[in-house]
Amino acid sequence: MQRLFEVDSELLVWWATEIECVSAIARLERNGQLTRQATTQALERLDALKRGWNEIEPLESVRRKLGGY
């Protein structure tokens with residue numbers, strides 16, 4: 001994935017990508033697979049990626065079904 005990113009760094013992501021990533025990082029920390037420092041670094045990297053990505057928003061019908069995300 002890093003090689004692909006080097007060739008084309010434009011990121012197009014699902015609207016809930018940040019939520020999913022934070023959830024996965026938190027789970028890894030809870031399971032003892034990430035230290036507090038590694039968790040902080042992962043969240044900082046996610047934040048840096050988020051500043052550069054383009055987010056695909058859900059249709060209004062999807063928002064209503066999910067309770068207004």
# chains A, B, ... in the order shown; residues from 1 in each chain; ligands from 1
>>> residues_around(residues="Gly52 of chain A", least_positions_apart="4", cutoff="8 Å", atoms="only C-alpha atoms", output="CSV table (one decimal) with N, CA and C atoms, in the first residue's frame")
chain,number,residue,atom,x,y,z
A,10,GLU,N,-3.4,10.6,-3.6
A,10,GLU,CA,-4.7,11.0,-3.4
A,10,GLU,C,-5.6,9.9,-2.7
A,11,LEU,N,-6.1,10.2,-1.6
A,11,LEU,CA,-6.9,9.2,-0.8
A,11,LEU,C,-8.4,9.6,-0.9
A,48,ALA,N,-3.0,13.0,10.5
A,48,ALA,CA,-2.2,13.6,9.3
A,48,ALA,C,-2.8,13.1,8.0
>>> closest_residue(among="A:Phe5, A:Leu12, A:Thr39, A:Ala24", to="Arg51 of chain A", atoms="only C-alpha atoms")
A:Leu12
>>> atom_distance(atom1="atom CA of Asp8 of chain A", atom2="atom CA of Val62 of chain A")
29.6 Å
>>> closest_residue(among="A:Ser9, A:Gln2, A:Ser61, A:Thr40", to="Ala26 of chain A", atoms="only C-alpha atoms")
A:Thr40
>>> select_by_dssp(residues="chain A", states="alpha helix (DSSP H)", output="PyMOL selection string")
chain A and resi 2-7+17-30+36-52+60-65
>>> write_last_selection(atoms="C-alpha atoms", output="PDB file, in the first residue's frame")
ATOM      1  CA  GLN A   2       2.851   2.376   0.713  1.00  0.00           C
ATOM      2  CA  ARG A   3       4.215   1.885  -2.817  1.00  0.00           C
ATOM      3  CA  LEU A   4       0.798   2.679  -4.260  1.00  0.00           C
ATOM      4  CA  PHE A   5       0.570   5.761  -2.051  1.00  0.00           C
ATOM      5  CA  GLU A   6       3.947   6.945  -3.349  1.00  0.00           C
ATOM      6  CA  VAL A   7       2.658   6.710  -6.925  1.00  0.00           C
ATOM      7  CA  THR A  17     -13.092   5.582   7.853  1.00  0.00           C
ATOM      8  CA  GLU A  18     -11.917   7.698  10.787  1.00  0.00           C
ATOM      9  CA  ILE A  19     -14.403   6.031  13.155  1.00  0.00           C
ATOM     10  CA  GLU A  20     -13.341   2.559  12.015  1.00  0.00           C
ATOM     11  CA  CYS A  21      -9.631   3.354  12.339  1.00  0.00           C
ATOM     12  CA  VAL A  22      -9.965   4.875  15.815  1.00  0.00           C
ATOM     13  CA  SER A  23     -12.006   1.860  16.878  1.00  0.00           C
ATOM     14  CA  ALA A  24      -9.339  -0.549  15.597  1.00  0.00           C
ATOM     15  CA  ILE A  25      -6.526   1.395  17.265  1.00  0.00           C
ATOM     16  CA  ALA A  26      -8.418   1.482  20.582  1.00  0.00           C
ATOM     17  CA  ARG A  27      -9.067  -2.274  20.378  1.00  0.00           C
ATOM     18  CA  LEU A  28      -5.387  -2.970  19.820  1.00  0.00           C
ATOM     19  CA  GLU A  29      -4.507  -0.845  22.844  1.00  0.00           C
ATOM     20  CA  ARG A  30      -7.142  -2.562  25.006  1.00  0.00           C
ATOM     21  CA  ARG A  36       0.037   4.164  25.031  1.00  0.00           C
ATOM     22  CA  GLN A  37       2.852   5.783  23.047  1.00  0.00           C
ATOM     23  CA  ALA A  38       2.170   3.637  19.967  1.00  0.00           C
ATOM     24  CA  THR A  39      -1.537   4.455  20.238  1.00  0.00           C
ATOM     25  CA  THR A  40      -0.776   8.168  20.346  1.00  0.00           C
ATOM     26  CA  GLN A  41       1.492   7.834  17.321  1.00  0.00           C
ATOM     27  CA  ALA A  42      -1.134   5.872  15.388  1.00  0.00           C
ATOM     28  CA  LEU A  43      -3.789   8.497  16.131  1.00  0.00           C
ATOM     29  CA  GLU A  44      -1.401  11.266  15.071  1.00  0.00           C
ATOM     30  CA  ARG A  45      -0.692   9.452  11.788  1.00  0.00           C
ATOM     31  CA  LEU A  46      -4.407   8.993  11.229  1.00  0.00           C
ATOM     32  CA  ASP A  47      -4.963  12.700  11.855  1.00  0.00           C
ATOM     33  CA  ALA A  48      -2.245  13.574   9.336  1.00  0.00           C
ATOM     34  CA  LEU A  49      -3.802  11.257   6.751  1.00  0.00           C
ATOM     35  CA  LYS A  50      -7.255  12.710   7.411  1.00  0.00           C
ATOM     36  CA  ARG A  51      -6.065  16.211   6.564  1.00  0.00           C
ATOM     37  CA  GLY A  52      -5.190  14.992   3.084  1.00  0.00           C
ATOM     38  CA  GLU A  60     -29.248  11.037   3.123  1.00  0.00           C
ATOM     39  CA  SER A  61     -31.197   7.767   3.289  1.00  0.00           C
ATOM     40  CA  VAL A  62     -28.137   6.067   4.808  1.00  0.00           C
ATOM     41  CA  ARG A  63     -27.771   8.835   7.369  1.00  0.00           C
ATOM     42  CA  ARG A  64     -31.404   8.435   8.431  1.00  0.00           C
ATOM     43  CA  LYS A  65     -31.045   4.662   8.814  1.00  0.00           C
TER      44      LYS A  65
END
